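Undergrad: This is entry04.txt, which holds compact mmCIF, C-alpha atoms:
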```txt
# COMPACT_ATOMS: atom_id res chain seq x y z
CA MET A 1 100.67 103.86 88.35
CA LYS A 2 98.20 106.45 89.58
CA ARG A 3 99.31 108.54 92.54
CA LEU A 4 98.02 111.31 94.74
CA ALA A 5 99.21 114.83 93.98
CA GLY A 6 102.56 115.47 95.61
CA ALA A 7 103.09 111.81 96.57
CA ARG A 8 106.36 110.04 95.85
CA SER A 9 106.31 108.19 92.55
CA ILE A 10 107.63 104.64 92.16
CA CYS A 11 108.30 102.31 89.25
CA LEU A 12 107.43 98.67 89.91
CA ASP A 13 109.91 96.05 88.72
CA ALA A 14 107.15 93.67 87.63
CA TYR A 15 103.40 94.15 87.96
CA GLY A 16 100.83 91.54 86.96
CA THR A 17 97.37 90.04 87.44
CA ASP A 18 96.41 86.37 87.72
CA SER A 19 93.24 84.66 86.45
CA ALA A 20 91.47 85.38 89.77
CA GLY A 21 92.13 89.13 89.52
CA LYS A 22 94.79 89.18 92.25
CA LYS A 23 97.52 91.80 91.77
CA TYR A 24 101.24 91.16 92.13
CA ASP A 25 104.21 93.48 92.52
CA LEU A 26 107.54 91.67 92.26
CA GLU A 27 110.64 93.59 93.38
CA ILE A 28 114.26 92.45 93.08
CA GLN A 29 116.49 93.97 95.77
CA ARG A 30 120.22 93.42 96.06
CA GLN A 31 120.62 95.34 99.32
CA ASP A 32 118.66 95.24 102.58
CA LYS A 33 118.18 99.02 102.40
CA GLY A 34 115.94 98.62 99.36
CA ALA A 35 113.78 96.11 101.21
CA ASP A 36 112.86 98.29 104.18
CA PRO A 37 109.43 97.24 105.54
CA HIS A 38 108.15 100.80 105.07
CA ARG A 39 108.95 100.51 101.37
CA ALA A 40 106.96 97.27 101.16
CA ARG A 41 104.05 99.05 102.85
CA TYR A 42 104.24 101.93 100.35
CA HIS A 43 104.36 99.60 97.34
CA SER A 44 101.30 97.80 98.64
CA SER A 45 99.40 101.07 99.12
CA VAL A 46 100.24 102.17 95.56
CA MET A 47 98.58 99.03 94.21
CA ASP A 48 95.47 99.85 96.27
CA ILE A 49 95.26 103.34 94.73
CA GLU A 50 95.76 101.87 91.26
CA ASN A 51 92.95 99.36 91.64
CA LEU A 52 90.13 101.30 93.29
CA HIS A 53 88.36 103.81 91.08
CA SER A 54 85.90 106.60 91.83
CA GLY A 55 82.52 105.20 92.86
CA GLN A 56 83.78 101.73 93.77
CA GLU A 57 83.25 100.16 97.18
CA PHE A 58 86.29 99.50 99.37
CA LYS A 59 85.41 95.81 99.45
CA GLU A 60 86.07 95.73 95.69
CA LEU A 61 89.80 96.10 96.31
CA PRO A 62 91.55 93.01 94.93
CA ASP A 63 93.96 90.92 96.96
CA THR A 64 97.48 92.27 96.50
CA TYR A 65 100.84 90.58 96.86
CA THR A 66 104.01 92.61 97.31
CA ILE A 67 106.95 90.24 96.86
CA PHE A 68 110.53 91.26 97.63
CA ILE A 69 113.19 88.87 96.38
CA ILE A 70 116.32 89.89 98.28
CA GLU A 71 119.86 88.76 97.49
CA LYS A 72 120.60 88.04 101.17
CA ASP A 73 118.52 86.47 103.95
CA PHE A 74 116.80 89.64 105.22
CA TYR A 75 115.61 88.11 108.50
CA GLY A 76 118.53 85.69 108.95
CA GLN A 77 116.38 82.69 109.94
CA GLY A 78 117.20 80.44 106.98
CA GLU A 79 113.60 80.31 105.74
CA ALA A 80 112.78 80.28 102.03
CA VAL A 81 109.90 82.76 102.37
CA TYR A 82 108.81 85.13 105.14
CA PRO A 83 105.05 85.87 104.77
CA ILE A 84 103.97 89.16 106.35
CA GLU A 85 100.29 89.34 107.33
CA ARG A 86 98.21 91.69 109.46
CA ILE A 87 96.58 90.13 112.49
CA ASN A 88 94.11 91.30 115.12
CA LEU A 89 96.26 91.36 118.26
CA ALA A 90 93.24 91.03 120.54
CA THR A 91 91.82 87.93 118.88
CA GLY A 92 94.95 86.51 117.29
CA LYS A 93 93.05 86.09 114.02
CA SER A 94 93.96 87.32 110.56
CA PHE A 95 92.77 90.84 109.69
CA GLU A 96 91.74 89.56 106.24
CA ASP A 97 92.17 92.85 104.39
CA GLY A 98 93.58 91.15 101.31
CA GLU A 99 97.06 92.65 101.65
CA HIS A 100 99.97 90.20 101.52
CA ILE A 101 103.70 90.95 101.73
CA LEU A 102 106.33 88.28 101.17
CA TYR A 103 110.10 88.45 101.63
CA VAL A 104 111.92 85.78 99.63
CA ASN A 105 115.38 84.66 100.76
CA GLY A 106 117.68 84.91 97.72
CA GLU A 107 120.31 82.80 99.49
CA TYR A 108 117.99 79.82 99.91
CA ARG A 109 119.09 76.71 97.97
CA GLY A 110 116.77 73.91 99.11
CA ASP A 111 115.24 71.20 96.89
CA SER A 112 111.91 72.98 96.74
CA ALA A 113 110.72 74.95 93.71
CA ILE A 114 111.69 78.21 95.46
CA GLY A 115 115.18 76.88 96.18
CA LYS A 116 115.65 75.96 92.53
CA LEU A 117 114.23 79.29 91.42
CA MET A 118 116.65 81.22 93.65
CA HIS A 119 119.47 79.16 92.16
CA ASP A 120 118.37 80.24 88.69
CA PHE A 121 118.05 83.88 89.78
CA ASN A 122 121.74 83.86 90.73
CA CYS A 123 122.88 81.74 87.78
CA THR A 124 124.76 83.38 84.89
CA LYS A 125 124.68 80.42 82.48
CA ALA A 126 121.43 79.31 80.86
CA ASP A 127 122.64 75.69 80.63
CA ASP A 128 122.93 75.48 84.44
CA MET A 129 119.36 76.62 85.15
CA ASN A 130 116.57 74.39 86.47
CA PHE A 131 113.64 76.08 84.74
CA GLU A 132 113.54 75.90 80.95
CA LEU A 133 111.49 79.09 80.65
CA MET A 134 114.16 81.14 82.43
CA ALA A 135 116.94 79.38 80.55
CA ASN A 136 115.39 80.15 77.16
CA ARG A 137 114.79 83.79 78.07
CA THR A 138 118.36 84.15 79.36
CA ARG A 139 119.75 82.72 76.11
CA TYR A 140 117.64 85.17 74.11
CA LEU A 141 118.70 88.24 76.10
CA LYS A 142 122.38 87.30 76.34
CA GLU A 143 123.12 85.41 73.12
CA ASN A 144 120.59 86.50 70.49
CA PRO A 145 121.63 89.88 68.88
CA LYS A 146 118.00 91.04 68.86
CA GLY A 147 117.60 90.17 72.54
CA VAL A 148 120.86 91.91 73.44
CA ASN A 149 119.64 95.09 71.71
CA GLU A 150 116.32 94.90 73.57
CA MET A 151 118.13 94.55 76.89
CA CYS A 152 120.43 97.47 76.14
CA LYS A 153 117.44 99.67 75.26
CA ILE A 154 115.64 98.71 78.48
CA MET A 155 118.71 99.57 80.56
CA GLU A 156 119.10 102.90 78.76
CA ASP A 157 115.41 103.75 79.27
CA MET A 158 115.74 102.98 82.99
CA ARG A 159 118.81 105.20 83.22
CA ILE A 160 117.03 108.11 81.52
CA GLU A 161 113.93 107.77 83.71
CA SER A 162 116.14 107.90 86.80
CA LEU A 163 117.81 111.08 85.51
CA LYS A 164 114.40 112.58 84.74
CA GLU A 165 113.39 112.15 88.39
CA VAL A 166 116.51 114.14 89.35
CA ALA A 167 115.62 116.83 86.79
CA LEU A 168 112.06 117.10 88.12
CA ARG A 169 113.35 117.65 91.66
CA MET A 170 115.67 120.36 90.36
CA LEU A 171 112.78 122.04 88.54
CA ALA A 172 110.69 121.91 91.71
CA ALA A 173 113.49 123.64 93.63
CA GLY A 174 113.16 126.60 91.24
CA LYS A 175 116.87 127.43 91.44
CA TYR A 176 118.24 126.08 88.17
CA ALA A 177 118.07 127.17 84.54
CA LEU A 178 117.28 124.53 81.91
CA GLU A 179 120.89 124.55 80.68
CA GLU A 180 122.12 123.87 84.22
CA ILE A 181 119.63 121.03 84.72
CA SER A 182 120.70 119.44 81.43
CA SER A 183 124.39 119.77 82.34
CA ILE A 184 124.09 118.50 85.93
CA SER A 185 121.65 115.64 85.25
CA GLY A 186 123.34 114.53 82.03
CA LEU A 187 120.03 114.60 80.14
CA SER A 188 119.78 115.72 76.55
CA GLN A 189 118.02 119.01 75.74
CA HIS A 190 115.05 117.01 74.41
CA ASN A 191 114.66 114.98 77.61
CA THR A 192 115.10 118.11 79.75
CA PHE A 193 112.30 119.82 77.81
CA ASP A 194 110.12 116.72 78.37
CA CYS A 195 110.71 117.05 82.13
CA THR A 196 109.84 120.75 81.97
CA LEU A 197 106.54 119.99 80.23
CA ARG A 198 105.72 117.26 82.77
CA PHE A 199 106.49 119.66 85.63
CA LYS A 200 104.26 122.37 84.14
CA ILE A 201 101.37 119.92 83.79
CA GLN A 202 101.79 118.85 87.44
CA THR A 203 101.83 122.51 88.48
CA GLN A 204 98.70 123.25 86.46
CA ARG A 205 96.91 120.34 88.13
CA ILE A 206 97.76 121.73 91.56
CA ILE A 207 96.63 125.21 90.52
CA PHE A 208 93.36 123.81 89.19
CA SER A 209 92.74 121.93 92.44
CA VAL A 210 93.40 125.03 94.54
CA PHE A 211 91.18 127.28 92.39
CA ALA A 212 88.35 124.75 92.40
CA PHE A 213 88.52 124.47 96.18
CA MET A 214 88.67 128.23 96.69
CA GLU A 215 85.58 128.68 94.52
CA CYS A 216 83.64 126.51 96.96
CA VAL A 217 84.10 128.94 99.86
CA LYS A 218 83.05 132.52 100.41
CA SER A 219 85.53 135.22 99.49
CA ASN A 220 85.97 136.40 103.08
CA LEU A 221 87.54 133.00 103.88
CA PHE A 222 90.17 133.44 101.19
CA PHE A 223 92.99 134.34 103.55
CA VAL A 224 92.23 131.35 105.80
CA ILE A 225 92.32 129.04 102.78
CA ASN A 226 95.41 130.83 101.52
CA HIS A 227 97.21 130.03 104.77
CA PHE A 228 96.01 126.39 104.65
CA TRP A 229 97.39 125.80 101.16
CA GLN A 230 100.68 127.48 102.03
CA LYS A 231 101.14 124.98 104.84
CA LEU A 232 100.08 122.09 102.59
CA PHE A 233 102.35 122.92 99.67
CA GLN A 234 105.88 123.38 100.93
CA ASN A 235 107.10 123.90 97.36
CA SER A 236 107.37 127.69 97.43
CA CYS A 237 107.59 128.25 93.66
CA ILE A 238 104.31 126.36 93.03
CA PHE A 239 102.49 128.04 95.91
CA ALA A 240 103.69 131.51 94.89
CA LYS A 241 102.21 130.97 91.44
CA VAL A 242 98.92 129.68 92.87
CA SER A 243 98.57 132.53 95.37
CA ARG A 244 99.63 135.26 92.94
CA ASN A 245 97.32 134.11 90.13
CA TYR A 246 94.31 133.63 92.37
CA GLN A 247 94.65 137.04 94.02
CA ARG A 248 95.06 138.73 90.63
CA ILE A 249 91.94 137.06 89.23
CA HIS A 250 89.95 137.43 92.46
CA ASN A 251 90.68 141.18 92.69
CA SER A 252 90.00 141.87 89.01
CA GLY A 253 86.44 140.55 89.14
CA ILE A 254 87.07 138.05 86.34
CA ASN A 255 84.68 135.10 86.23
CA THR A 256 86.97 132.54 87.88
CA SER A 257 84.83 129.60 86.78
CA LYS A 258 85.82 130.38 83.17
CA TYR A 259 89.45 130.49 84.23
CA ILE A 260 89.08 127.08 85.89
CA CYS A 261 87.60 125.68 82.65
CA PHE A 262 90.61 127.03 80.77
CA GLN A 263 92.98 125.38 83.23
CA PHE A 264 91.10 122.09 82.87
CA GLN A 265 91.29 122.22 79.06
CA PHE A 266 95.04 122.81 79.30
CA ILE A 267 95.43 119.76 81.53
CA LYS A 268 93.43 117.54 79.15
CA LYS A 269 95.66 118.57 76.24
```
Let me see the file written as structure tokens.
TA:
Amino acid sequence: MKRLAGARSICLDAYGTDSAGKKYDLEIQRQDKGADPHRARYHSSVMDIENLHSGQEFKELPDTYTIFIIEKDFYGQGEAVYPIERINLATGKSFEDGEHILYVNGEYRGDSAIGKLMHDFNCTKADDMNFELMANRTRYLKENPKGVNEMCKIMEDMRIESLKEVALRMLAAGKYALEEISSISGLSQHNTFDCTLRFKIQTQRIIFSVFAFMECVKSNLFFVINHFWQKLFQNSCIFAKVSRNYQRIHNSGINTSKYICFQFQFIKK
């Protein structure tokens, strides 16, 4: 998923597109905390960023559906599905912005297709499932040796990605050596180095953005811009590098446009 610089990253449980071009994010949540309405809003906004490219009109945004399947009845009303839609409070009509959020009650056990599906979601035995597709997939992942290995690898990859997020936050804090990060996070030296490289690339992108912006203003506004970026980037280690490098280059009379090109080439690599 694309994201804005400095924004919180997320990993969607399941992301897909139907034949009409509509986008779907399906999230499985066992606890109410993971289904906070603000989280649903953020997931929906991430799909918007992913699906609108430079030069496109806003009306080209596809319809999006953020679906939270929650183990318990989040709203406690006994409904199978709780559709969340924006409305114009003055007119009482739908806002029609194409954004749709649905909360599915994992406790629901009616005779409808959703009731049967929720039964299958909570079923541990393939033979007791209503839908053959889910039953066959469950047998493959739980009984076929190849499927079991695939599932184990997926779980391990998810565990490592979670630890990498911890390592990235530690790198951003600027207080830990690589050996400490590896020891505390439980990551291997190889995965810790991968996080370090990812962090450096993110830092370079921020530096490039700052330099490019500063080149668009006159030099006597440098200190105003300097103050602006310091407020914007609370991460002191990144800002210190940006400020220090720019002042060094600015004072030396080096052609900063060439330096920006170098930074850009580094990012592309």
Undergrad: Name the residues in contact with stretch 190-192 of chain A at a cut-off of 8 Å, using only C-alpha atoms, excluding same-chain residues fewer than 2 positions from it; report them as a count of residues only.
TA: 10
Undergrad: Have a look at A:Tyr103, A:Tyr108, A:Phe121, A:Tyr15 and name the one nearest to A:Glu50; count all atoms listed in the file.
TA: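 Residue with the minimum atom-to-atom distance to A:Glu50: A:Tyr15.
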Undergrad: Which distance in Å separates atom CA of A:Met158 and atom CA of A:Tyr140, to one decimal?
TA: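 Result for atom CA of A:Met158 versus atom CA of A:Tyr140: 20.0 Å, one decimal.
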Undergrad: Tell me, counting only C-alpha atoms, for each residue of stretch 84-202 of chain A within 12 Å of stretch 20-33 of chain A, which pair of atoms is nearest and how far apart they are in Å to one decimal, in rows ordered by chain and increasing number, as CSV.
TA:
```
residue,atom,partner,partner_atom,distance
A:Gly98,CA,A:Lys22,CA,9.4
A:Glu99,CA,A:Lys23,CA,9.9
A:His100,CA,A:Tyr24,CA,9.5
A:Ile101,CA,A:Asp25,CA,9.6
A:Leu102,CA,A:Leu26,CA,9.6
A:Tyr103,CA,A:Glu27,CA,9.7
A:Val104,CA,A:Ile28,CA,9.6
A:Asn105,CA,A:Gln29,CA,10.6
A:Gly106,CA,A:Arg30,CA,9.0
A:Glu107,CA,A:Arg30,CA,11.2
A:Met118,CA,A:Ile28,CA,11.5
A:Phe121,CA,A:Ile28,CA,9.9
A:Asn122,CA,A:Arg30,CA,11.1
```
Undergrad: May I ask which of the residues A:Glu180, A:Glu71, A:Asp97, A:Arg169 is the closest one to A:Phe58, counting only C-alpha atoms?
TA: A:Asp97
Undergrad: Need the shell around A:Cys123: protein/DNA/RNA residues with any atom at most 12 Å away, counting all atoms listed in the file. Skip same-chain ones fewer than 4 positions apart. Format as a list in words?
TA: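 Contacts, in chain order: Gly106, Arg109, Lys116, Leu117, Met118, His119, Asp127, Asp128, Met129, Asn130, Phe131, Met134, Ala135 and Thr138 of chain A.
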Undergrad: Would you compute the distance between atom CA of A:His53 and atom CA of A:Glu85? Give it in Å to one decimal.
TA: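 According to the coordinates, atom CA of A:His53 and atom CA of A:Glu85 are separated by 24.8 Å.
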Undergrad: Any idea what the distance is between atom CA of A:Ser112 and atom CA of A:Glu79?
TA: 11.7 Å
Undergrad: Build an axis-aligned box that encloses every atom of stretch 58-66 of chain A listed in the file, pad it by 8 Å on each side, and report its centre and edge lengths in Å to one decimal, as AutoDock Vina command-line options.
TA:
```
--center_x 94.7 --center_y 95.0 --center_z 97.2 --size_x 34.6 --size_y 24.9 --size_z 20.5
```
Undergrad: Using all atoms listed in the file, find the one residue out of A:Val148, A:Ile69, A:Leu168, A:Ala80 that sits nearest to A:Ser9.
TA: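 Nearest candidate to A:Ser9 out of A:Val148, A:Ile69, A:Leu168, A:Ala80: A:Leu168.
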